[in-house]
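J.: Handing you a structure now.
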Amino acid sequence: MPAPPPDARQLRGEVVRVDPCGDDGAILVVRPEVELPPIRASRFFMLKRTDRQSPLIPRPFSIYRHRDGCLEFLIKVMGQGTRALAECRPGQELSLVGPLGNGWPTLDADGPPWVFLGGGVGAAPFPMAIEQALTGMDGRAPVPPESICYLFGAATGGLLYDLETVSDLGVRVLAATDDGSLGFHGNVLQLLEKLWDEGELPREVRVLACGPDPMLEAVERMAREKDLACWLSLETLMGCGVGICNGCPVPTRPEGPLGAWPNAKCCVEGPVFSTDAITLHEPETHVPSKGRSGN
Ligand SMILES: Cc1cc2nc3c(=O)[nH]c(=O)nc-3n(C[C@H](O)[C@H](O)[C@H](O)COP(=O)(O)OP(=O)(O)OC[C@H]3O[C@@H](n4cnc5c(N)ncnc54)[C@H](O)[C@@H]3O)c2cc1C
Ligand code: FES
């Protein structure tokens, strides 16, 4: 059975600051009770307040930044859980479980360029990914800035969270909005097509994407049609976050590396999956033969 990562733990933390961000978001700065070692981008924590203002079940959030001993989370207010976090005052105690999940693969400096596609609050796992790629991880050489292109899209300019900071990360960052209020008028995939058509990017790229389900479905379809290496970071609904409740199933591709079982658990086998391993479209027919991978 896939298990939670060995470095995951339950912690208390104190809110240092909550900075409003965009039309409906906030950046929550939290100092955990112990200092944590560097964490791979696109891993996540389950968060809730300890004063009973949060729902009983904690909610999952990607690590937005990790600096000066603090974890930062970019929070889009959706319902009770996110509102309770966005309304925290400095000094508020939080319960944190993490770091959970796998995170983005280690990016290498050789080969086709990397294209990052962030949609709305799906931008959360990218700033750290860019920093980690530019400095190198796991003994890999740093990825040169010109090998990373980050396309950040949202419905409107007010939902391009923290765009100014992101634009200063040292890689090419292009914005896209559905209503044309900021940057390219259209979505990130239309922007990518435009860059391809104009010869601004080679046709062969490697893709990391995080965003709303319809966007990720379209990214998966594009990656398959164009035979691109592609990883998706999923924001599936979660219950426990540690592999117990079966609340986060993701259909696997029968011929893929997780195909021995019809579903993967997003919390412990993800949230990052290669499009070789899963499908967000119609589940394909499974003929389970061997034991679950990882058994
Ligand atoms: C691995 C992971 C990382 C995440 N990282 C972030 C992050 O960095 N920042 C952030 O703001 N959010 C992130 N999310 C999504 C976040 O967990 C949800 O928005 C949150 O759980 C909603 O809780 P709530 O109590 O505010 O809303 P609820 O009351 O639970 O739901 C309110 C409404 O939002 C819908 N909703 C809830 N969760 C989601 C979701 N995941 N996708 C689409 N609709 C949803 C519900 O169906 C409902 O209509 C992440 C999710 C996962 C699984
Ligand atoms: S959220 Fe409980 S098994 Fe994944």
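Quick note on naming: the chains in the structure tokens go A, B, ... in the order shown, residues restart at 1 in each chain, and ligands are numbered from 1 in order of appearance.
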Looking only at the backbone, which of the residues in range 15-77 of chain A does DSSP tag as strand (DSSP E), as a PyMOL selection string?
T.: chain A and resi 15-21+25-32+44-49+59-62+65-67+70-76
J.: Can you write out as CSV which residues of range 88-205 of chain A fall within 8 Å of range 269-274 of chain A, alongside each residue's closest atom pair and its distance in Å to one decimal, counting only C-alpha atoms and ordering rows by chain and ascending residue number?
T.:
residue,atom,partner,partner_atom,distance
A:Gly101,CA,A:Gly270,CA,5.5
A:Asn102,CA,A:Gly270,CA,5.7
A:Gly103,CA,A:Val272,CA,5.9
A:Trp104,CA,A:Val272,CA,6.1
J.: Write out the residues from the selection above, keeping all heavy atoms, as a compact mmCIF listing (two decimals), in the first residue's frame.
T.:
# COMPACT_ATOMS: atom_id res chain seq x y z
N GLY A 101 2.78 14.19 0.03
CA GLY A 101 2.82 14.07 -1.42
C GLY A 101 4.24 14.02 -1.96
O GLY A 101 5.22 14.03 -1.21
N ASN A 102 4.31 13.93 -3.31
CA ASN A 102 5.60 13.68 -3.94
C ASN A 102 6.31 14.94 -4.46
O ASN A 102 7.52 15.05 -4.37
CB ASN A 102 5.43 12.67 -5.09
CG ASN A 102 4.35 13.06 -6.09
OD1 ASN A 102 3.71 14.10 -5.96
ND2 ASN A 102 4.13 12.23 -7.09
N GLY A 103 5.59 15.90 -4.99
CA GLY A 103 6.23 17.09 -5.57
C GLY A 103 6.63 16.86 -7.02
O GLY A 103 6.55 15.75 -7.56
N TRP A 104 7.03 17.97 -7.66
CA TRP A 104 7.45 17.90 -9.06
C TRP A 104 8.66 16.99 -9.20
O TRP A 104 9.45 16.88 -8.26
CB TRP A 104 7.85 19.28 -9.57
CG TRP A 104 6.80 20.35 -9.59
CD1 TRP A 104 6.87 21.55 -8.94
CD2 TRP A 104 5.57 20.38 -10.33
NE1 TRP A 104 5.75 22.30 -9.22
CE2 TRP A 104 4.92 21.60 -10.07
CE3 TRP A 104 4.94 19.47 -11.18
CZ2 TRP A 104 3.71 21.96 -10.61
CZ3 TRP A 104 3.71 19.82 -11.73
CH2 TRP A 104 3.11 21.04 -11.44
J.: Counting only C-alpha atoms and all ligand atoms, what residues are within 8 Å of ligand 2, given as a PyMOL selection string?
T.: chain A and resi 237-249+265-268
J.: I need the residues from that last selection saved to file as a tab-separated table (two decimals), in the first residue's frame (with N, CA, C and O atoms), if you can.
T.:
chain	number	residue	atom	x	y	z
A	237	LEU	N	-10.17	16.83	-4.41
A	237	LEU	CA	-10.71	16.92	-3.04
A	237	LEU	C	-10.02	15.86	-2.19
A	237	LEU	O	-9.78	14.75	-2.65
A	238	MET	N	-9.72	16.20	-0.95
A	238	MET	CA	-9.04	15.24	-0.06
A	238	MET	C	-9.71	15.19	1.29
A	238	MET	O	-10.24	16.21	1.77
A	239	GLY	N	-9.67	14.03	1.92
A	239	GLY	CA	-10.16	13.88	3.28
A	239	GLY	C	-9.01	13.86	4.27
A	239	GLY	O	-8.75	14.83	4.97
A	240	CYS	N	-8.28	12.74	4.27
A	240	CYS	CA	-7.23	12.57	5.30
A	240	CYS	C	-5.87	13.12	4.85
A	240	CYS	O	-5.08	13.56	5.67
A	241	GLY	N	-5.55	13.03	3.56
A	241	GLY	CA	-4.25	13.47	3.06
A	241	GLY	C	-3.13	12.47	3.26
A	241	GLY	O	-2.01	12.70	2.83
A	242	VAL	N	-3.43	11.33	3.93
A	242	VAL	CA	-2.36	10.38	4.24
A	242	VAL	C	-2.67	8.95	3.80
A	242	VAL	O	-2.09	7.99	4.30
A	243	GLY	N	-3.61	8.79	2.86
A	243	GLY	CA	-3.79	7.48	2.26
A	243	GLY	C	-4.79	6.55	2.94
A	243	GLY	O	-4.88	5.38	2.57
A	244	ILE	N	-5.57	7.06	3.88
A	244	ILE	CA	-6.45	6.16	4.64
A	244	ILE	C	-7.89	6.16	4.13
A	244	ILE	O	-8.53	5.12	4.07
A	245	CYS	N	-8.41	7.32	3.74
A	245	CYS	CA	-9.87	7.44	3.56
A	245	CYS	C	-10.36	7.10	2.16
A	245	CYS	O	-11.57	7.01	1.95
A	246	ASN	N	-9.48	6.89	1.21
A	246	ASN	CA	-9.87	6.65	-0.19
A	246	ASN	C	-10.66	7.80	-0.79
A	246	ASN	O	-11.47	7.61	-1.69
A	247	GLY	N	-10.42	8.99	-0.29
A	247	GLY	CA	-11.21	10.15	-0.74
A	247	GLY	C	-10.61	10.90	-1.91
A	247	GLY	O	-11.14	11.94	-2.29
A	248	CYS	N	-9.54	10.41	-2.49
A	248	CYS	CA	-8.86	11.20	-3.53
A	248	CYS	C	-8.47	10.35	-4.73
A	248	CYS	O	-7.36	10.47	-5.23
A	249	PRO	N	-9.41	9.48	-5.24
A	249	PRO	CA	-9.00	8.59	-6.33
A	249	PRO	C	-8.75	9.32	-7.65
A	249	PRO	O	-9.45	10.28	-7.97
A	265	LYS	N	-4.06	6.95	-5.43
A	265	LYS	CA	-4.47	7.89	-4.37
A	265	LYS	C	-3.69	9.18	-4.57
A	265	LYS	O	-2.46	9.18	-4.47
A	266	CYS	N	-4.42	10.25	-4.82
A	266	CYS	CA	-3.74	11.51	-5.13
A	266	CYS	C	-2.84	11.96	-3.97
A	266	CYS	O	-1.75	12.48	-4.20
A	267	CYS	N	-3.27	11.73	-2.73
A	267	CYS	CA	-2.52	12.29	-1.60
A	267	CYS	C	-1.17	11.61	-1.40
A	267	CYS	O	-0.20	12.28	-1.05
A	268	VAL	N	-1.09	10.30	-1.60
A	268	VAL	CA	0.18	9.62	-1.33
A	268	VAL	C	0.94	9.22	-2.60
A	268	VAL	O	2.15	9.06	-2.56
J.: Hey, which residues come within 9 Å of ligand 1 if we count only C-alpha atoms and all ligand atoms? Could you give them as number ranges by chain?
T.: A: 25-26, 42-47, 54-55, 57-64, 73-85, 100-101, 121-125, 211-213, 233-238, 241, 248, 266-267, 270-272
J.: For Leu232 in chain A, which residue out of A:Leu117, A:Met128, A:Leu36, A:Met137 is the nearest one, using only C-alpha atoms?
T.: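 Counting only C-alpha atoms, the residue closest to Leu232 in chain A is A:Leu117.
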J.: List every residue of range 30-116 of chain A that DSSP, applied to the backbone of this structure, assigns to helix (DSSP H, G or I), and report them as a PyMOL selection string.
T.: chain A and resi 80-86
J.: Can you spit out the residues from that selection as a short mmCIF file (atom, residue, chain, number, x, y, z; two decimals), in the first residue's frame, using N, CA and C atoms?
T.:
data_model
loop_
_atom_site.label_atom_id
_atom_site.label_comp_id
_atom_site.auth_asym_id
_atom_site.auth_seq_id
_atom_site.Cartn_x
_atom_site.Cartn_y
_atom_site.Cartn_z
N GLN A 80 -15.64 27.47 3.77
CA GLN A 80 -15.38 27.71 5.19
C GLN A 80 -13.89 27.52 5.56
N GLY A 81 -13.27 26.47 5.02
CA GLY A 81 -11.89 26.16 5.41
C GLY A 81 -10.91 27.23 4.95
N THR A 82 -11.04 27.63 3.70
CA THR A 82 -10.12 28.64 3.17
C THR A 82 -10.40 30.01 3.79
N ARG A 83 -11.69 30.28 4.05
CA ARG A 83 -12.02 31.59 4.66
C ARG A 83 -11.42 31.69 6.06
N ALA A 84 -11.55 30.61 6.84
CA ALA A 84 -11.01 30.62 8.22
C ALA A 84 -9.50 30.88 8.19
N LEU A 85 -8.81 30.32 7.20
CA LEU A 85 -7.35 30.53 7.13
C LEU A 85 -7.03 31.95 6.67
N ALA A 86 -7.77 32.43 5.67
CA ALA A 86 -7.49 33.78 5.16
C ALA A 86 -7.83 34.85 6.20
#
J.: CA of Glu33 in chain A and CA of Arg12 in chain A are how many Å apart?
T.: 5.7 Å
J.: What does the structure give for the distance between CA of Val173 in chain A and CA of Ala109 in chain A, in Å to one decimal?
T.: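 Between CA of Val173 in chain A and CA of Ala109 in chain A the gap works out to 18.4 Å.
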